[in-house]
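Student: So I've got this file, start31.cif, and it contains mmCIF, C-alpha atoms and all ligand atoms:
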```cif
data_data
loop_
_atom_site.label_atom_id
_atom_site.label_comp_id
_atom_site.auth_asym_id
_atom_site.auth_seq_id
_atom_site.Cartn_x
_atom_site.Cartn_y
_atom_site.Cartn_z
CA MET J 379 -11.72 12.45 -20.06
CA LYS J 380 -12.39 12.72 -16.33
CA THR J 381 -9.75 13.90 -13.89
CA LEU J 382 -9.24 12.50 -10.39
CA GLY J 383 -10.46 15.78 -8.92
CA GLU J 384 -13.69 15.70 -10.96
CA PHE J 385 -14.22 12.03 -10.17
CA ILE J 386 -13.89 12.54 -6.42
CA VAL J 387 -16.29 15.51 -6.46
CA ASP J 388 -18.82 13.42 -8.48
CA LYS J 389 -18.57 10.59 -5.96
CA GLN J 390 -19.00 13.00 -3.07
CA GLN J 391 -22.39 13.98 -4.49
CA ASP J 392 -23.61 10.39 -3.86
CA PHE J 393 -23.20 11.14 -0.14
CA PRO J 394 -25.40 14.14 0.72
CA HIS J 395 -23.90 14.52 4.20
CA ALA J 396 -20.30 14.54 2.98
CA THR J 397 -18.49 17.68 4.07
CA GLY J 398 -15.72 17.67 1.47
CA GLU J 399 -13.00 17.04 4.05
CA LEU J 400 -12.07 13.63 2.61
CA THR J 401 -12.07 15.18 -0.86
CA ALA J 402 -9.60 17.81 0.35
CA LEU J 403 -7.49 15.15 2.02
CA LEU J 404 -7.30 13.05 -1.15
CA SER J 405 -6.37 16.16 -3.01
CA ALA J 406 -3.42 16.66 -0.62
CA ILE J 407 -2.27 13.10 -1.35
CA LYS J 408 -2.62 13.83 -5.06
CA LEU J 409 -0.37 16.85 -4.68
CA GLY J 410 2.20 14.85 -2.69
CA ALA J 411 2.16 12.18 -5.42
CA LYS J 412 2.83 14.78 -8.13
CA ILE J 413 5.79 16.17 -6.23
CA ILE J 414 7.27 12.71 -5.63
CA HIS J 415 6.63 11.78 -9.29
CA ARG J 416 8.48 14.88 -10.43
CA ASP J 417 11.51 14.18 -8.32
CA ILE J 418 11.69 10.44 -8.91
CA ASN J 419 11.70 11.14 -12.63
CA LYS J 420 14.86 13.19 -12.39
CA ALA J 421 16.43 11.23 -9.55
CA GLY J 422 19.52 10.36 -11.57
CA LEU J 423 20.17 14.04 -12.33
CA VAL J 424 20.02 15.47 -8.83
CA ASP J 425 21.65 14.24 -5.67
CA ILE J 426 18.75 12.23 -4.24
CA LEU J 427 19.80 8.66 -5.01
CA GLY J 428 21.55 6.38 -2.53
CA THR J 429 21.33 5.95 1.20
CA SER J 430 20.91 8.73 3.72
CA GLY J 431 23.30 7.06 6.16
CA VAL J 432 20.63 6.62 8.86
CA SER J 433 18.24 3.79 9.72
CA ASN J 434 14.54 3.85 10.56
CA VAL J 435 13.04 2.43 13.75
CA GLN J 436 12.69 -0.96 12.06
CA GLY J 437 16.41 -1.14 11.42
CA GLU J 438 16.21 -0.53 7.67
CA VAL J 439 18.68 1.82 6.03
CA GLN J 440 16.70 4.85 4.86
CA MET J 441 17.31 5.96 1.30
CA LYS J 442 17.46 9.68 0.60
CA LEU J 443 14.23 9.32 -1.36
CA ASP J 444 12.51 7.54 1.55
CA LEU J 445 13.12 10.63 3.66
CA TYR J 446 12.35 13.06 0.86
CA ALA J 447 9.02 11.38 0.04
CA ASN J 448 8.15 11.27 3.75
CA GLU J 449 8.80 15.01 4.17
CA LYS J 450 6.90 16.02 1.02
CA LEU J 451 3.85 13.92 1.80
CA LYS J 452 3.81 15.03 5.42
CA ALA J 453 4.00 18.68 4.37
CA ALA J 454 1.20 18.27 1.81
CA LEU J 455 -1.06 16.62 4.40
CA LYS J 456 -0.27 19.17 7.08
CA ALA J 457 -0.90 22.14 4.79
CA ARG J 458 -4.47 21.07 3.98
CA GLY J 459 -5.56 20.99 7.62
CA GLU J 460 -7.88 18.00 7.18
CA VAL J 461 -5.49 15.64 9.00
CA ALA J 462 -4.94 15.51 12.76
CA GLY J 463 -1.74 13.48 12.53
CA ILE J 464 0.15 10.88 10.61
CA ALA J 465 2.08 7.67 11.16
CA SER J 466 4.74 6.65 8.70
CA GLU J 467 7.16 3.83 8.07
CA GLU J 468 9.90 6.46 8.27
CA GLU J 469 8.84 8.05 11.59
CA ASP J 470 9.62 6.42 14.95
CA GLU J 471 6.45 7.76 16.57
CA ILE J 472 3.14 9.21 15.42
CA VAL J 473 3.38 12.82 14.24
CA ILE J 474 0.71 15.02 15.80
CA PHE J 475 -0.11 18.11 13.76
CA GLU J 476 -0.41 21.20 15.91
CA GLY J 477 -2.95 24.01 15.79
CA ASP J 478 -6.72 24.39 16.08
CA ARG J 479 -7.37 23.24 12.54
CA ALA J 480 -5.47 19.96 13.02
CA GLU J 481 -6.97 19.34 16.45
CA ASN J 482 -10.43 19.74 14.95
CA ALA J 483 -9.62 17.51 11.98
CA LYS J 484 -11.29 14.12 11.95
CA TYR J 485 -8.84 12.05 9.92
CA VAL J 486 -5.51 10.36 10.52
CA VAL J 487 -3.28 9.05 7.73
CA LEU J 488 -0.82 6.15 7.80
CA MET J 489 1.70 5.89 5.01
CA ASP J 490 4.57 4.11 3.37
CA PRO J 491 5.95 7.18 1.57
CA LEU J 492 8.24 5.21 -0.70
CA ASP J 493 7.65 1.52 -1.20
CA GLY J 494 10.33 -0.57 -2.87
CA SER J 495 13.29 1.50 -1.69
CA SER J 496 15.78 -1.09 -2.92
CA ASN J 497 14.63 -0.39 -6.50
CA ILE J 498 15.16 3.36 -6.46
CA ASP J 499 18.77 3.41 -7.57
CA VAL J 500 18.21 0.99 -10.44
CA ASN J 501 15.28 2.75 -12.10
CA VAL J 502 12.68 0.10 -11.26
CA SER J 503 9.09 0.90 -10.22
CA VAL J 504 8.48 2.17 -6.70
CA GLY J 505 5.31 3.38 -4.99
CA THR J 506 3.57 5.30 -2.22
CA ILE J 507 0.90 3.66 -0.02
CA PHE J 508 -1.69 5.47 2.12
CA SER J 509 -4.39 4.48 4.58
CA ILE J 510 -7.01 6.83 6.06
CA TYR J 511 -9.08 6.44 9.24
CA HIS J 512 -11.50 8.54 11.24
CA ARG J 513 -9.89 9.39 14.55
CA ILE J 514 -11.52 7.70 17.55
CA THR J 515 -10.48 10.23 20.20
CA PRO J 516 -12.75 13.28 20.57
CA ILE J 517 -12.35 16.15 18.12
CA GLY J 518 -10.74 19.28 19.58
CA GLN J 519 -7.70 17.68 21.17
CA PRO J 520 -4.45 16.19 19.87
CA VAL J 521 -4.67 12.65 18.48
CA THR J 522 -3.09 9.73 20.32
CA GLU J 523 -1.60 6.42 19.23
CA ALA J 524 -5.01 4.77 19.75
CA ASP J 525 -6.27 6.67 16.70
CA PHE J 526 -3.71 4.83 14.59
CA LEU J 527 -4.01 1.34 16.08
CA GLN J 528 -7.37 0.54 14.51
CA PRO J 529 -8.14 -2.67 12.61
CA GLY J 530 -7.97 -2.34 8.83
CA HIS J 531 -11.70 -2.89 8.33
CA ARG J 532 -12.22 0.59 9.78
CA GLN J 533 -10.30 2.28 6.95
CA VAL J 534 -12.23 5.10 5.32
CA ALA J 535 -10.04 5.11 2.24
CA ALA J 536 -6.77 3.61 1.05
CA GLY J 537 -4.68 3.58 -2.05
CA TYR J 538 -1.31 3.70 -3.68
CA VAL J 539 0.63 5.53 -6.31
CA VAL J 540 2.83 3.43 -8.57
CA TYR J 541 5.68 5.29 -10.26
CA GLY J 542 6.10 2.91 -13.20
CA SER J 543 6.26 3.21 -16.98
CA SER J 544 3.54 5.72 -16.22
CA THR J 545 2.52 7.05 -12.81
CA MET J 546 -0.86 5.83 -11.58
CA LEU J 547 -2.94 6.56 -8.51
CA VAL J 548 -5.26 3.75 -7.42
CA TYR J 549 -7.67 4.21 -4.53
CA THR J 550 -10.82 3.03 -2.81
CA THR J 551 -13.26 4.58 -0.38
CA GLY J 552 -15.13 1.30 -0.05
CA CYS J 553 -17.09 1.71 -3.30
CA GLY J 554 -14.80 -0.18 -5.68
CA VAL J 555 -11.27 0.49 -6.83
CA HIS J 556 -10.52 3.22 -9.34
CA ALA J 557 -7.26 3.94 -11.15
CA PHE J 558 -5.99 7.18 -12.65
CA THR J 559 -3.02 7.63 -14.96
CA TYR J 560 -0.94 10.75 -14.61
CA ASP J 561 -0.53 12.98 -17.65
CA PRO J 562 2.64 14.95 -16.84
CA SER J 563 2.08 17.43 -19.66
CA LEU J 564 -1.25 18.50 -18.12
CA GLY J 565 -0.30 17.80 -14.52
CA VAL J 566 -3.50 15.83 -13.93
CA PHE J 567 -4.46 12.27 -13.05
CA CYS J 568 -7.00 10.99 -15.60
CA LEU J 569 -9.49 8.19 -14.97
CA SER J 570 -8.16 5.19 -16.88
CA HIS J 571 -9.62 2.15 -15.06
CA GLU J 572 -13.00 2.47 -13.31
CA LYS J 573 -14.13 -0.30 -10.93
CA VAL J 574 -11.03 -2.44 -11.31
CA MET J 575 -11.61 -6.12 -10.49
CA PHE J 576 -9.16 -9.01 -10.30
CA PRO J 577 -9.61 -11.44 -13.21
CA ALA J 578 -11.44 -14.56 -11.95
CA GLU J 579 -8.33 -16.72 -12.37
CA GLY J 580 -4.67 -15.87 -12.06
CA LYS J 581 -1.49 -17.44 -13.31
CA MET J 582 1.24 -15.44 -11.59
CA TYR J 583 2.83 -15.89 -8.21
CA SER J 584 5.12 -13.34 -6.60
CA ILE J 585 7.39 -14.31 -3.74
CA ASN J 586 11.07 -13.85 -2.90
CA GLU J 587 12.06 -17.44 -3.58
CA GLY J 588 15.60 -16.73 -2.40
CA ASN J 589 14.20 -17.19 1.11
CA TYR J 590 12.74 -20.64 0.21
CA ILE J 591 14.73 -22.54 2.79
CA LYS J 592 13.28 -20.35 5.58
CA PHE J 593 9.61 -20.58 4.47
CA PRO J 594 6.90 -22.45 6.40
CA MET J 595 6.12 -25.89 4.93
CA GLY J 596 2.70 -24.75 3.64
CA VAL J 597 4.34 -22.03 1.52
CA LYS J 598 6.99 -24.45 0.19
CA LYS J 599 4.24 -26.89 -0.83
CA TYR J 600 2.20 -24.10 -2.44
CA ILE J 601 5.22 -23.00 -4.49
CA LYS J 602 5.66 -26.59 -5.68
CA TYR J 603 1.94 -26.67 -6.55
CA CYS J 604 2.40 -23.50 -8.66
CA GLN J 605 5.28 -25.17 -10.52
CA GLU J 606 3.51 -28.45 -11.31
CA GLN J 607 2.18 -29.25 -14.78
CA ASP J 608 -1.64 -29.30 -14.95
CA GLU J 609 -3.62 -28.36 -18.03
CA ALA J 610 -6.95 -27.86 -16.28
CA THR J 611 -5.60 -25.11 -14.02
CA GLY J 612 -3.06 -23.73 -16.49
CA ARG J 613 -0.06 -24.69 -14.37
CA PRO J 614 2.82 -24.24 -14.16
CA TYR J 615 2.16 -20.63 -13.22
CA THR J 616 4.56 -17.83 -14.03
CA THR J 617 6.71 -16.25 -11.34
CA ARG J 618 7.04 -12.47 -11.29
CA TYR J 619 8.73 -10.59 -8.44
CA ILE J 620 9.74 -6.95 -8.64
CA GLY J 621 10.51 -6.40 -4.97
CA SER J 622 8.18 -3.39 -4.72
CA LEU J 623 4.92 -4.51 -3.12
CA VAL J 624 2.99 -1.78 -4.92
CA ALA J 625 4.26 -2.77 -8.36
CA ASP J 626 3.86 -6.50 -7.71
CA PHE J 627 0.32 -6.00 -6.39
CA HIS J 628 -0.61 -3.68 -9.25
CA ARG J 629 0.45 -6.20 -11.88
CA ASN J 630 -1.37 -9.04 -10.11
CA LEU J 631 -4.50 -6.89 -9.79
CA LEU J 632 -4.63 -6.28 -13.52
CA LYS J 633 -3.43 -9.70 -14.69
CA GLY J 634 -4.49 -12.05 -11.89
CA GLY J 635 -2.02 -13.43 -9.39
CA ILE J 636 -0.92 -13.85 -5.80
CA TYR J 637 1.72 -11.99 -3.77
CA ILE J 638 3.15 -13.70 -0.69
CA TYR J 639 5.53 -12.39 1.95
CA PRO J 640 5.29 -15.16 4.54
CA SER J 641 6.79 -15.59 7.96
CA THR J 642 10.32 -16.92 7.78
CA ALA J 643 12.46 -18.72 10.31
CA SER J 644 14.21 -15.46 11.16
CA HIS J 645 11.14 -13.17 10.81
CA PRO J 646 8.12 -14.93 12.36
CA ASN J 647 5.83 -12.05 11.36
CA GLY J 648 7.25 -11.63 7.89
CA LYS J 649 8.60 -8.31 6.71
CA LEU J 650 5.69 -6.16 5.63
CA ARG J 651 4.17 -3.62 7.97
CA LEU J 652 0.52 -4.24 8.90
CA LEU J 653 -0.49 -0.58 9.15
CA TYR J 654 1.38 0.97 6.21
CA GLU J 655 1.46 -1.91 3.73
CA CYS J 656 -0.83 -4.86 4.47
CA ASN J 657 -4.00 -3.03 5.57
CA PRO J 658 -4.28 -0.54 2.70
CA ILE J 659 -3.40 -3.17 0.08
CA ALA J 660 -5.84 -5.64 1.71
CA PHE J 661 -8.66 -3.06 1.56
CA LEU J 662 -7.99 -2.49 -2.15
CA ALA J 663 -7.74 -6.25 -2.79
CA GLU J 664 -11.11 -6.97 -1.18
CA GLN J 665 -12.73 -4.06 -2.98
CA ALA J 666 -11.45 -5.53 -6.25
CA GLY J 667 -12.91 -8.99 -5.51
CA GLY J 668 -9.63 -10.41 -4.21
CA LYS J 669 -8.55 -11.67 -0.81
CA ALA J 670 -5.89 -10.82 1.79
CA SER J 671 -4.85 -12.85 4.80
CA ASN J 672 -1.88 -13.70 6.96
CA GLY J 673 -2.15 -17.27 5.65
CA ARG J 674 -4.99 -18.01 8.03
CA ASP J 675 -6.92 -14.94 9.18
CA ARG J 676 -8.28 -11.91 7.36
CA ILE J 677 -5.75 -9.07 7.44
CA LEU J 678 -8.44 -6.41 7.95
CA ASP J 679 -9.61 -8.05 11.19
CA ILE J 680 -6.22 -8.04 12.94
CA ILE J 681 -6.25 -5.72 15.98
CA PRO J 682 -2.90 -3.91 15.89
CA SER J 683 -0.92 -3.52 19.08
CA GLU J 684 2.12 -1.64 17.77
CA LEU J 685 2.69 1.04 15.17
CA HIS J 686 5.40 -0.76 13.24
CA GLN J 687 3.94 -4.22 13.65
CA ARG J 688 4.56 -6.72 10.87
CA ALA J 689 2.34 -9.45 9.45
CA PRO J 690 2.76 -12.34 7.02
CA PHE J 691 0.91 -11.34 3.86
CA PHE J 692 -0.96 -13.38 1.24
CA VAL J 693 -2.88 -11.18 -1.21
CA GLY J 694 -4.38 -11.40 -4.68
CA THR J 695 -6.86 -13.38 -6.73
CA GLU J 696 -9.33 -14.95 -4.29
CA SER J 697 -9.03 -18.55 -5.54
CA MET J 698 -5.22 -18.39 -5.40
CA VAL J 699 -5.13 -17.00 -1.86
CA GLU J 700 -7.62 -19.67 -0.78
CA LYS J 701 -5.46 -22.37 -2.33
CA ALA J 702 -2.36 -21.08 -0.55
CA GLU J 703 -4.32 -20.96 2.74
CA SER J 704 -5.37 -24.58 2.24
CA PHE J 705 -1.68 -25.56 2.03
CA MET J 706 -0.98 -23.51 5.17
CA ARG J 707 -3.73 -25.40 7.01
CA GLU J 708 -2.60 -28.79 5.78
CA PHE J 709 1.16 -28.53 6.46
P1 LIG D 1 9.95 -0.51 1.72
O1 LIG D 1 10.78 -0.17 0.55
O2 LIG D 1 8.78 0.42 1.89
O3 LIG D 1 10.72 -0.72 3.00
O4 LIG D 1 9.19 -1.88 1.41
C1 LIG D 1 9.92 -2.96 0.91
C2 LIG D 1 9.04 -4.18 0.95
C3 LIG D 1 8.11 -4.34 -0.22
O5 LIG D 1 7.91 -3.28 -1.04
C4 LIG D 1 8.70 -5.45 -1.01
O6 LIG D 1 7.71 -6.23 -1.59
C5 LIG D 1 9.52 -6.21 -0.03
O7 LIG D 1 9.93 -5.29 0.93
C6 LIG D 1 10.71 -6.84 -0.67
O8 LIG D 1 11.40 -7.52 0.28
P2 LIG D 1 12.61 -8.52 -0.12
O9 LIG D 1 13.68 -7.68 -0.67
O10 LIG D 1 12.92 -9.19 1.18
O11 LIG D 1 12.03 -9.50 -1.13
MN MN D 2 11.68 0.69 4.12
MN MN D 3 7.04 -0.71 1.64
MN MN D 4 8.85 2.43 2.36
#
```
What is this file in structure tokens?
Ligand code: AHG
Ligand code: MN
Ligand code: MN
Ligand code: MN
Tutor:
Amino acid sequence: MKTLGEFIVDKQQDFPHATGELTALLSAIKLGAKIIHRDINKAGLVDILGTSGVSNVQGEVQMKLDLYANEKLKAALKARGEVAGIASEEEDEIVIFEGDRAENAKYVVLMDPLDGSSNIDVNVSVGTIFSIYHRITPIGQPVTEADFLQPGHRQVAAGYVVYGSSTMLVYTTGCGVHAFTYDPSLGVFCLSHEKVMFPAEGKMYSINEGNYIKFPMGVKKYIKYCQEQDEATGRPYTTRYIGSLVADFHRNLLKGGIYIYPSTASHPNGKLRLLYECNPIAFLAEQAGGKASNGRDRILDIIPSELHQRAPFFVGTESMVEKAESFMREF
């Protein structure tokens, strides 16, 4: 059995110039994940279910656990001193960590502390998503928004934690995707899936079909394609939609499938946030042999202009994403 900590230290040895800062940063995320795991698991017993009564900058009602997860993760990252600042779905602005240590830190972290908020109160899987960049402003001064508005292809590492039937941490530093299952009795994440790759073909599609009427024509046609009978391609495909991006992506990664959150008539850029959701998941998808686009262009090449910017999102098994893109081009 290899733990996440041992695995990261082993990997660091492949890079003789590595300083251990990224290792320490990942270890802070690991700690944050353990704390969130612990509290999600007893959420029904303590008063942390339900809404907080306030909204975030994107107009979404914040759940108590959204805020709790945000605070815990922020504190874990701040305490380690390897992070100069963070941006979060639940923070209006970037959060600049103060002090010499933070100003000399070379990393910034962007996060969706709790993904799938609407599933919290009904005991369905939720997640945490993180994305790590080198800062681009000079070391020794506070970070600025420019450090956070980098295209996704510059990510140094990204990953998610899925709090499901078991809790798993899945991450990449650009050398494949590795998954670790949490053993709560030992308090450690154990390597359970090394070098995860999408199966070559997929048979699942995940989309909120309740919005069908508002979808672009290409997406409507692709959904119909998924539902048609065809022995050669194994259609009709199966639809699976949890409503937590992390859980939907995780299932599709292991089983083969596509997740789509397209633009809609009312939301021309879709719903998902480029910096906290699309970029980290796109990095993982590509590292696992999959594909991620906005229906036309590669997600990781989009130059962000705003912190809370949204993007239509097509991600999963490469051949399925390409097929969906061909419908987007045609209609
Ligand atoms: P969050 O809970 O972090 O705000 O994210 C919710 C996202 C994503 O996880 C999920 O796939 C999607 O919203 C579901 O949206 P719909 O309810 O519109 O299908
Ligand atoms: Mn939210
Ligand atoms: Mn989310
Ligand atoms: Mn969230």
Student: Using all atoms listed in the file, find each protein or nucleic acid residue lying at most 12 Å from ligand MN 2 (chain D); present the set as number ranges by chain.
Tutor: J: 429, 432-445, 447-448, 466-469, 489-498, 504-507, 621-623, 649-651, 654-655, 686
Student: Taking (5.0, 12.9, -7.2) in the coordinates of the supplied file, I want to know which residues reach to within 10 Å of it, counting all atoms listed in the file; could you give the answer as an NGL selection string?
Tutor: :J and (407-419 or 447 or 450-451 or 505-506 or 539-541 or 545 or 560)
Student: Enter the distance from CA of Leu404 in chain J to CA of Val461 in chain J, in Å, rounded to one decimal.
Tutor: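 Calculated distance between CA of Leu404 in chain J and CA of Val461 in chain J is 10.6 Å.
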Student: Find the residues near Val487 in chain J: any atom within 7 Å, counting all atoms listed in the file, skip ones fewer than 3 places away on the same chain, and give them as a ChimeraX atom specification.
Tutor: /J:463-465,508-511
Student: Interatomic distance between CA of Glu684 in chain J and atom O10 of ligand LIG 1 (chain D)?
Tutor: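 Between CA of Glu684 in chain J and atom O10 of ligand LIG 1 (chain D) the gap is 21.2 Å.
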